[in-house]
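Novice: Sharing a structure here in structure tokens format.
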Amino acid sequence: MGSKLKSASRRKFLIKVTAGTAVVLGTAYLTRGIWRRAIDKVLASGELPYYNFDGPLVWFEANANNEITFYSPKVEMGQGVLTALAQIVADELQIKFKQLKVLHASSSHGPLDLLFTGDSSSIEGLWKPIRELAATFRQMFIIEAAKEFKTLPKKVKLENGVFSYKDQTTTYGELVKITKQWKVPSTPDLKNPEDYQYIGKAIPRLDLEDKVTGKPIFSIDEELDGMVYAIVVPCPYIKAKRTNVDPNSVNGLPGIVDVIVEEDFVAVVAESRFQAYNASQKLAITWEVEEVIQQKDIEEMVTVGVGKPYVIQKGKCPKNQFKNASEIITSEFRTPMGAHAQIQPSGALANFKDGSLEVYVATQNVRKTRKDIACRLNMRKKKVNVLPAYLGGAFGRALYTDLATYASFISRQLKRPVHCFYTRAQEFQADYFRPPTHHLLKAVMDDTGHITAFENNCSSGDVVKGSDVWPEIINDIIGADFGAWRGALNRYGGIQRYEIISWRANLPLRTSFWRGMGLLANIFAIESFMDELAEKVGIDPVTFRQNHLNDSETDQRLLAVLNKVVEQSSYTDKVENGIAMGLACCTDGATHVAQVVRLSIEAQRIIVSDVYCVIDTGMVINPDQVKAQCEGNIIMGMSAALYEKVEIHNNAIGPLIYGPYKLMALRECPENIEIHLMDSDRAPQGLGEPPMGPIAAAIANATYKLTGNRIRRFPMNPVS
Amino acid sequence: MRGAFLYLTFISLLCGAWVNSYSNSKRDLNAVPQETDITPEEAFDLMMKVLMSPRCLNCHPSGDRPTQGDDLHIHYYNVQRGPNNRGAGIQQCQSCHQNSNNYYTGVPGASNWHLAPKSMGWQGLTKIEIAKIILDQSKNGGIGLDSLVTHLTNDSKVLWAFDPGINQEGVPRSLPPVAKETYIEAVKIWAENGAPIPNDD
Amino acid sequence: MKIEFTINGRNYKLDVNGDEPLLWLIRDTLKLKGTKFGCGKAACGACTVIIDGQATRSCSYAARIVNGKSITTIEGLENESGLHPVQQAWINQIVPQCGYCQSGFIMASVALLERFPNPTEQQINDSLTNFCRCGTYPRIRKALNEAIENMTSKPKSAV
């Protein structure tokens with residue numbers, strides 16, 4: 001036992017005991033690190049005032065069967081968080097891995113996660129409190145074991161879940177049975193990293209077998225007796241409202257239970273899903289478009305210079321350098337709206353019974369889901385139990401659970417369980433899109449090829465603002481939308497004179513969180529621009545980047561991943577046999593990523609054969625799943641950059657189906673994706689999104705070498 | 001758009017127009033005027049108007065990918081001709097296309113749904129070029145005129161063109177510009193008159 | 001209408017609406033939840049099942065044509081000797097992330113290997129046209145190759 005705790009004594013613990021059967025220990029945690037990232041380099045102090053919240057908790061429970069259960073406040077949406085948390089817990093409790101069960105905490109387990117599952121924050125935020133809780137829990141048992149062994153706690157050994165002293169042994173389960181009164185000690189020292197048994201190991205995901213055998217673990221798989229199916233019809237147009245519904249239009253159709261017409265939604269309810277679908281197709285609804293909007297109007301709204309500017313980061317003043325420059329290099333980029341397109345559509349199963357609600361739902365935000373339902377139904381939050389299920393993809397989409405609210409409402413009205421999911425077309429129509437963006441970058445360089453003045457303007461629809469996902473205090477402090485400008489900050493310490501400006505575009509449609517938020521678009525712009533600047537002064541892109549990194553710790557870490565990816569990929573600027581390589585890197589929070597791609601162009605399409613990715617994400621809990629996250633980010637980022645766009649035509653959102661909304665498929669996936677994880681003893685950092693950053697620019701930079709055309713838009717077209 | 005607030009009303013396309021067409025999918029063909037006194041040349045033109053409609057051309061591609069829609073865009077989802085004109089690997093036509101139109105998904109269907117062989121690729125050809133290859137036994141699978149007429153007037157896939165269902169968005173597919181009875185009549189008249197092909201000019 | 005068919009070796013007789021998609025019969029009527037709904041338009045492949053040897057998108061397969069067919073779903077892959085080699089390879093390569101699309105991928109892969117025990121790269125690419133949003137494609141490829149190796153080197157009778 002080693003690592004000394006500085007602030008553990010401030011942590012409060014909560015204990016619940018069912019004598020002889022179970023003991024439960026919980027604690028609050030506050031992920032201030034995430035907030036700090038949001039205001040990183042914006043507020044000099046880096047400290048936020050404490051926010052008044054209702055005490056998010058994590059829980060452990062040990063029972064007489066020698067099983068230990070961890071109730072996770074974070075949900076499993078593919079990122080492997082339950083497995084990673086299990087590794088951390090099992091290590092600190094020093095138990096057999098199989099002894100531990102990890103379950104999603106429902107909202108009835110107590111006060112909820114203040115934040116949500118997302119923003120690559122789960123492990124980073126829980127890393128310390130969860131180990132402190134586990135160590136304290138462990139110590140409670142060591143104390144009881146010592147009593148049993150008639151010795152001092154420090155003499156008790158604990159290995160693989162077995163407490164021992166000389167020839168005496170006992171277990172967590174035995175101690176639960178015999179202990180009448182538990183003592184919660186102050187938090188002991190945490191386990192030494194050298195002694196980790198599970199942390200750092202590529203342990204297979206806990207949910208593997210369920211997911212390859214088709215177990216009913218998703219919310220769409222939930223069923224209750226007497227359940228009916230509802231289809232909520234979303235408005236297919238933007239800037240439009242519903243003016244009429246004719247419930248008689250579905251009269252006499254088979255299986256119809258009801259048509260619900262409320263201010264905020266319309267639903268048809270039927271005995272089977274097929275009947276509900278058919279009726280929804282026949283339901284006569286009139287929509288009135290208030291103002292005709294086309295795609296070009298959206299692009300006009302999202303343009304640097306339009307809307308409200310916020311200076312989000314400022315170095316030394318670059319104004320004189322811009323004024324006196326003989327040449328200012330400027331560059332523009334655009335990205336379109338993107339859909340989440342997760343394969344499981346949004347939805348929920350709600351059951352109102354005896355004044356209480358149970359809601360089975362795919363949600364990244366149990367707290368908000370519960371609050372939304374309680375508010376809409378005018379119920380006390382206590383009476384609403386939100387049971388998070390495994391998510392069939394989320395990527396930010398499941399921060400919003402409108403259908404959970406509507407299903408709850410309908411269930412109360414009909415006094416039956418209500419199963420309510422979108423069709424695919426509706427899922428596209430009701431999406432909260434990745435906002436469209438526009439980027440205008442300017443730079444002045446000196447004779448040595450150094451950037452002496454730098455300006456980055458990014459215009460975007462909202463991400464965080466108005467989302468009710470993040471405590472509003474963040475926006476109040478920062479002013480601009482953190483999500484929109486994520487990735488836009490200058491992270492090259494060698495650039496001293498700079499100004500970064502975020503322009504808030506006011507759009508007539510819903511935009512919000514999409515994996516990595518602004519990261520994909522902003523890094524695409526910055527890292528494409530870096531290659532343009534390097535070419536301008538005749539310096540190779542690697543050296544040019546190296547020249548703009550300084551001696552600070554964070555720059556040195558970025559430099560290290562950059563150098564490593566160059567080595568790993570044998571990066572070259574040379575084009576050979578129609579094959580080119582491109583490079584880009586980024587720092588997101590305190591995670592550093594560099595990527596190199598190798599690609600060719602066939603039949604006017606970009607064919608990426610290799611991707612090399614080096615990441616420094618601090619200490620790694622599960623290297624295999626960190627790699628899986630890198631692979632996933634690279635593929636999702638490539639898909640967005642090469643193929644995807646949502647557009648508005650005559651106010652209608654489209655496309656509404658895969659195919660026309662093209663996702664990357666197996667045949668287009670690079671043959672070779674190599675991930676390298678940097679060794680680090682820093683605390684674990686975010687990783688579910690940072691690898692999304694560099695990929696688009698790396699592709700654009702490589703393509704430029706083949707075509708001489710600078711790609712300035714998604715979906716990327718190599719020839720125009 | 002700027003400044004001008006136009007108030008337009010769109011009746012939602014979700015409101016059921018094509019669902020009605022589903023339940024009444026048998027069209028009133030008697031309304032189509034019968035054309036019995038047409039010349040073989042006119043018959044040829046009528047027939048070719050159908051054969052060159054998107055409903056036929058999409059499955060008579062000249063390359064190795066079927067096409068879709070009135071704009072003949074390449075079939076989504078990497079659909080390939082494959083070795084037997086029925087798809088590549090296990091992604092066969094029958095992975096998605098069954099023996100009748102599916103009005104739930106908008107996936108079209110007719111029995112034995114598959115691509116015409118490559119030798120019968122019509123896309124990009126003129127009507128005269130198409131006529132020449134459908135009569136060319138080295139390309140048409142070695143069938144004579146009688147069998148050709150049977151194919152053109154009886155085959156479930158050919159006649160599907162006149163009952164093409166709805167598309168993925170739920171909108172009825174466009175019909176060939178000539179009614180089914182007229183087309184069948186035209187094919188017969190053309191064949192009975194020796195299947196003449198007009199001069200290239 | 002009345003239909004009779006087999007799923008995973010079990011015989012069923014049902015009275016159904018002939019237009020209802022097979023997917024909903026499997027999921028809602030027969031309560032086999034492993035087959036997933038993704039798009040309802042035969043576009044994503046999450047609902048893939050095997051019908052008489054052919055990988056088929058069950059969302060676009062009307063109940064009326066189910067009559068007389070033999071269907072295999074993800075729940076029918078395991079036998080007394082354990083998981084299907086394709087499932088085992090998926091576990092060994094730690095393929096799933098969110099896992100929602102994986103039933104469809106596994107069913108398509110099983111159908112592929114039944115027809116082409118040693119498929120070419122091209123056949124794999126042309127066959128597995130399902131979509132995965134988490135980006136598990138590199139691992140799907142590895143798992144498929146592992147399954148090919150295991151299934152071709154160890155014929156069932158020799159196990």
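Residues are referred to by chain and number: the chain letter is A, B, ... according to the order shown in the structure tokens, the number counts from 1 in that chain, and ligands are numbered separately from 1 in the order shown.
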Write out as a list in words every residue belonging to chain A that has an atom at most 6 Å from any atom of chain B, counting only C-alpha atoms.
Specialist: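 Here is what falls inside 6 Å: Gln281, Lys282, Leu283, Ala284, Thr286, Trp287, Glu288, Val289, Glu290, Glu291 and Gly659 of chain A.
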Novice: Let's have the selection written as a PDB file, in the first residue's frame, with N, CA, C and O atoms.
Specialist:
ATOM      1  N   GLN A 281     -48.729   5.885 -40.252  1.00  0.00           N
ATOM      2  CA  GLN A 281     -48.580   6.267 -41.653  1.00  0.00           C
ATOM      3  C   GLN A 281     -49.866   6.885 -42.205  1.00  0.00           C
ATOM      4  O   GLN A 281     -49.844   7.622 -43.178  1.00  0.00           O
ATOM      5  N   LYS A 282     -50.984   6.533 -41.570  1.00  0.00           N
ATOM      6  CA  LYS A 282     -52.261   7.044 -42.082  1.00  0.00           C
ATOM      7  C   LYS A 282     -52.772   8.244 -41.309  1.00  0.00           C
ATOM      8  O   LYS A 282     -53.733   8.885 -41.723  1.00  0.00           O
ATOM      9  N   LEU A 283     -52.145   8.512 -40.189  1.00  0.00           N
ATOM     10  CA  LEU A 283     -52.633   9.605 -39.348  1.00  0.00           C
ATOM     11  C   LEU A 283     -52.451  10.933 -40.088  1.00  0.00           C
ATOM     12  O   LEU A 283     -51.349  11.263 -40.509  1.00  0.00           O
ATOM     13  N   ALA A 284     -53.541  11.650 -40.254  1.00  0.00           N
ATOM     14  CA  ALA A 284     -53.492  12.915 -40.997  1.00  0.00           C
ATOM     15  C   ALA A 284     -53.061  14.054 -40.071  1.00  0.00           C
ATOM     16  O   ALA A 284     -53.765  14.394 -39.121  1.00  0.00           O
ATOM     17  N   THR A 286     -51.370  18.012 -40.158  1.00  0.00           N
ATOM     18  CA  THR A 286     -50.986  19.160 -40.985  1.00  0.00           C
ATOM     19  C   THR A 286     -49.881  19.927 -40.284  1.00  0.00           C
ATOM     20  O   THR A 286     -49.989  20.250 -39.100  1.00  0.00           O
ATOM     21  N   TRP A 287     -48.833  20.182 -41.010  1.00  0.00           N
ATOM     22  CA  TRP A 287     -47.717  20.963 -40.469  1.00  0.00           C
ATOM     23  C   TRP A 287     -47.670  22.289 -41.205  1.00  0.00           C
ATOM     24  O   TRP A 287     -47.823  22.328 -42.424  1.00  0.00           O
ATOM     25  N   GLU A 288     -47.430  23.345 -40.484  1.00  0.00           N
ATOM     26  CA  GLU A 288     -47.325  24.643 -41.131  1.00  0.00           C
ATOM     27  C   GLU A 288     -45.891  25.149 -41.007  1.00  0.00           C
ATOM     28  O   GLU A 288     -45.350  25.270 -39.910  1.00  0.00           O
ATOM     29  N   VAL A 289     -45.324  25.408 -42.160  1.00  0.00           N
ATOM     30  CA  VAL A 289     -43.959  25.943 -42.181  1.00  0.00           C
ATOM     31  C   VAL A 289     -44.027  27.455 -42.007  1.00  0.00           C
ATOM     32  O   VAL A 289     -44.749  28.130 -42.719  1.00  0.00           O
ATOM     33  N   GLU A 290     -43.295  27.945 -41.023  1.00  0.00           N
ATOM     34  CA  GLU A 290     -43.382  29.371 -40.707  1.00  0.00           C
ATOM     35  C   GLU A 290     -42.486  30.206 -41.594  1.00  0.00           C
ATOM     36  O   GLU A 290     -42.709  31.388 -41.803  1.00  0.00           O
ATOM     37  N   GLU A 291     -41.430  29.594 -42.082  1.00  0.00           N
ATOM     38  CA  GLU A 291     -40.471  30.343 -42.875  1.00  0.00           C
ATOM     39  C   GLU A 291     -39.727  29.322 -43.716  1.00  0.00           C
ATOM     40  O   GLU A 291     -39.244  28.325 -43.170  1.00  0.00           O
ATOM     41  N   GLY A 659     -27.658   4.511 -46.309  1.00  0.00           N
ATOM     42  CA  GLY A 659     -27.543   4.371 -47.765  1.00  0.00           C
ATOM     43  C   GLY A 659     -27.446   5.776 -48.313  1.00  0.00           C
ATOM     44  O   GLY A 659     -26.357   6.296 -48.519  1.00  0.00           O
TER      45      GLY A 659
END
Novice: Tell me as an MDAnalysis selection string which residues belonging to chain C come within 10 Å of chain B, counting only C-alpha atoms.
Specialist: chainID C and resid 19:21 39:45 48:51 53:62 65 108:109 111:116 119:120 122:131
Novice: Quick one: DSSP strand (DSSP E or B) residues in region 158-372 of chain A, as a PyMOL selection string?
Specialist: chain A and resi 158-159+162-165+168-171+218+228-232+237+240-246+256-261+266-270+284-289+308-314+316+329-335+337-338+347-353+356-361
Novice: Based on only C-alpha atoms, which of the residues in chain C come within 6 Å of chain A? I want them as a short mmCIF file (atom, residue, chain, number, x, y, z; two decimals) with all heavy atoms, in the first residue's frame.
Specialist:
data_model
loop_
_atom_site.label_atom_id
_atom_site.label_comp_id
_atom_site.auth_asym_id
_atom_site.auth_seq_id
_atom_site.Cartn_x
_atom_site.Cartn_y
_atom_site.Cartn_z
N LYS C 33 -35.34 -11.98 -28.74
CA LYS C 33 -34.95 -10.56 -28.84
C LYS C 33 -33.56 -10.35 -29.43
O LYS C 33 -33.11 -9.21 -29.54
CB LYS C 33 -35.01 -9.92 -27.46
CG LYS C 33 -36.35 -10.03 -26.77
CD LYS C 33 -37.40 -9.18 -27.47
CE LYS C 33 -38.69 -9.17 -26.68
NZ LYS C 33 -39.73 -8.38 -27.34
N GLY C 34 -32.88 -11.44 -29.76
CA GLY C 34 -31.52 -11.29 -30.26
C GLY C 34 -31.45 -10.64 -31.63
O GLY C 34 -30.47 -10.01 -31.99
N GLY C 38 -33.05 -2.12 -36.64
CA GLY C 38 -32.18 -0.96 -36.80
C GLY C 38 -32.79 0.09 -37.69
O GLY C 38 -32.78 1.28 -37.37
N CYS C 39 -33.32 -0.35 -38.85
CA CYS C 39 -33.80 0.65 -39.80
C CYS C 39 -35.17 0.31 -40.37
O CYS C 39 -35.87 1.19 -40.86
CB CYS C 39 -32.80 0.81 -40.94
SG CYS C 39 -32.73 -0.61 -42.04
N GLN C 87 -19.35 -17.23 -33.11
CA GLN C 87 -19.55 -16.52 -31.84
C GLN C 87 -18.29 -16.57 -30.99
O GLN C 87 -17.89 -15.57 -30.38
CB GLN C 87 -20.71 -17.16 -31.05
CG GLN C 87 -22.08 -16.89 -31.66
CD GLN C 87 -23.16 -17.69 -30.96
OE1 GLN C 87 -23.06 -18.91 -30.83
NE2 GLN C 87 -24.20 -17.00 -30.50
N GLN C 97 -18.71 -3.60 -29.27
CA GLN C 97 -18.66 -2.43 -28.38
C GLN C 97 -20.07 -2.29 -27.81
O GLN C 97 -20.40 -2.94 -26.83
CB GLN C 97 -18.15 -1.20 -29.11
CG GLN C 97 -16.64 -1.32 -29.41
CD GLN C 97 -16.03 -0.05 -29.97
OE1 GLN C 97 -16.48 1.05 -29.73
NE2 GLN C 97 -14.96 -0.22 -30.74
N CYS C 98 -20.92 -1.49 -28.47
CA CYS C 98 -22.29 -1.43 -27.94
C CYS C 98 -22.99 -2.77 -28.17
O CYS C 98 -23.85 -3.17 -27.41
CB CYS C 98 -23.09 -0.28 -28.54
SG CYS C 98 -23.97 -0.65 -30.07
N GLY C 99 -22.63 -3.47 -29.24
CA GLY C 99 -23.11 -4.82 -29.46
C GLY C 99 -24.42 -4.93 -30.21
O GLY C 99 -24.85 -6.03 -30.56
N TYR C 100 -25.07 -3.82 -30.47
CA TYR C 100 -26.42 -3.87 -31.01
C TYR C 100 -26.45 -4.48 -32.41
O TYR C 100 -27.39 -5.18 -32.76
CB TYR C 100 -27.02 -2.46 -31.03
CG TYR C 100 -28.52 -2.43 -31.23
CD1 TYR C 100 -29.38 -2.75 -30.19
CD2 TYR C 100 -29.06 -2.11 -32.47
CE1 TYR C 100 -30.75 -2.73 -30.38
CE2 TYR C 100 -30.43 -2.08 -32.66
CZ TYR C 100 -31.27 -2.40 -31.60
OH TYR C 100 -32.63 -2.38 -31.79
N ASN C 125 -16.09 -8.77 -48.26
CA ASN C 125 -16.51 -7.37 -48.39
C ASN C 125 -17.89 -7.24 -49.04
O ASN C 125 -18.67 -6.37 -48.66
CB ASN C 125 -15.49 -6.60 -49.23
CG ASN C 125 -14.23 -6.31 -48.43
OD1 ASN C 125 -14.23 -6.38 -47.22
ND2 ASN C 125 -13.15 -5.99 -49.13
N PHE C 131 -24.16 -2.40 -41.20
CA PHE C 131 -23.49 -1.23 -40.64
C PHE C 131 -23.25 -1.39 -39.14
O PHE C 131 -24.09 -1.91 -38.42
CB PHE C 131 -24.32 0.04 -40.86
CG PHE C 131 -24.40 0.46 -42.31
CD1 PHE C 131 -25.61 0.50 -42.96
CD2 PHE C 131 -23.24 0.78 -43.01
CE1 PHE C 131 -25.69 0.87 -44.30
CE2 PHE C 131 -23.31 1.15 -44.35
CZ PHE C 131 -24.54 1.20 -45.00
N ARG C 133 -21.98 1.27 -36.13
CA ARG C 133 -21.64 2.67 -35.88
C ARG C 133 -20.47 2.82 -34.91
O ARG C 133 -19.81 3.86 -34.88
CB ARG C 133 -22.88 3.40 -35.35
CG ARG C 133 -22.75 4.91 -35.25
CD ARG C 133 -22.27 5.55 -36.53
NE ARG C 133 -22.68 6.94 -36.66
CZ ARG C 133 -22.21 7.77 -37.57
NH1 ARG C 133 -21.30 7.34 -38.45
NH2 ARG C 133 -22.64 9.01 -37.65
N CYS C 134 -20.24 1.79 -34.07
CA CYS C 134 -19.12 1.89 -33.13
C CYS C 134 -17.78 1.72 -33.83
O CYS C 134 -16.74 2.05 -33.28
CB CYS C 134 -19.24 0.83 -32.04
SG CYS C 134 -20.69 1.00 -31.00
N GLY C 135 -17.80 1.14 -35.03
CA GLY C 135 -16.54 0.95 -35.75
C GLY C 135 -15.80 -0.30 -35.34
O GLY C 135 -14.60 -0.28 -35.11
N TYR C 137 -15.38 -2.84 -37.28
CA TYR C 137 -15.02 -3.56 -38.51
C TYR C 137 -13.66 -4.27 -38.46
O TYR C 137 -13.56 -5.42 -38.90
CB TYR C 137 -15.05 -2.62 -39.71
CG TYR C 137 -16.40 -1.99 -39.99
CD1 TYR C 137 -16.52 -0.61 -40.12
CD2 TYR C 137 -17.55 -2.76 -40.13
CE1 TYR C 137 -17.74 -0.01 -40.39
CE2 TYR C 137 -18.78 -2.16 -40.39
CZ TYR C 137 -18.87 -0.79 -40.52
OH TYR C 137 -20.08 -0.20 -40.78
#
Novice: Return as a count of residues only the full set of residues in region 24-144 of chain B whose backbone-based DSSP assignment is alpha helix (DSSP H).
Specialist: 25
Novice: Write out as an MDAnalysis selection string the residues lying within 8 Å of Thr72 (chain C), counting only C-alpha atoms and excluding same-chain residues fewer than 2 positions away.
Specialist: chainID C and resid 7:9 49:51 70 74:77
Novice: Within 10 Å of Ser570 (chain A), counting only C-alpha atoms, which residues show up once you throw out same-chain ones fewer than 2 positions away? Write them as a list in words, please.
Specialist: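 Counting only C-alpha atoms, the residues come to Lys564, Val565, Val566, Glu567, Gln568, Thr572, Met581, Val596 and Tyr612 of chain A.
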Novice: Just C-alpha atoms for this one: save the residues we selected as a compact mmCIF listing (two decimals), in the first residue's frame.
Specialist:
# COMPACT_ATOMS: atom_id res chain seq x y z
CA LYS A 564 6.20 8.29 -32.12
CA VAL A 565 3.60 8.22 -34.89
CA VAL A 566 6.19 9.41 -37.42
CA GLU A 567 8.43 6.54 -36.37
CA GLN A 568 5.66 3.96 -36.20
CA THR A 572 7.19 10.34 -45.53
CA MET A 581 0.67 9.84 -46.32
CA VAL A 596 -0.94 9.24 -39.88
CA TYR A 612 -1.48 4.83 -37.43
Novice: Can you tell me, as a PyMOL selection string, what residues are no more than 12 Å from Asn193 (chain B) when counting only C-alpha atoms, ignoring any on the same chain fewer than 2 positions away?
Specialist: chain B and resi 38-44+145+186-191+195-197
Novice: To one decimal place, how far is CA of His73 (chain B) from CA of Ile134 (chain B) in Å?
Specialist: 23.6 Å
Novice: Excluding Gly493 (chain A) and residues on its chain fewer than 3 positions from it, collect all residues at most 7 Å away from it, counting only C-alpha atoms, and give them as a list in words.
Specialist: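 Counting only C-alpha atoms, the residues come to Gln496, His548, Leu549, Asn550 and Asp555 of chain A.
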Novice: Please produce a file of the residues just selected, as a PDB file, in the first residue's frame, where the atoms kept are C-alpha atoms.
Specialist:
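Everything below was put into part_20.pdb:
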ATOM      1  CA  GLN A 496       2.633  33.095 -28.704  1.00  0.00           C
ATOM      2  CA  HIS A 548       5.751  25.242 -32.780  1.00  0.00           C
ATOM      3  CA  LEU A 549       5.836  23.114 -29.649  1.00  0.00           C
ATOM      4  CA  ASN A 550       7.596  24.533 -26.619  1.00  0.00           C
ATOM      5  CA  ASP A 555       3.674  20.374 -25.463  1.00  0.00           C
TER       6      ASP A 555
END
Novice: What's the separation between CA of Ile495 (chain A) and CA of Ile451 (chain A), in Å to one decimal place?
Specialist: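 Value for the CA of Ile495 (chain A)-CA of Ile451 (chain A) distance: 6.2 Å.
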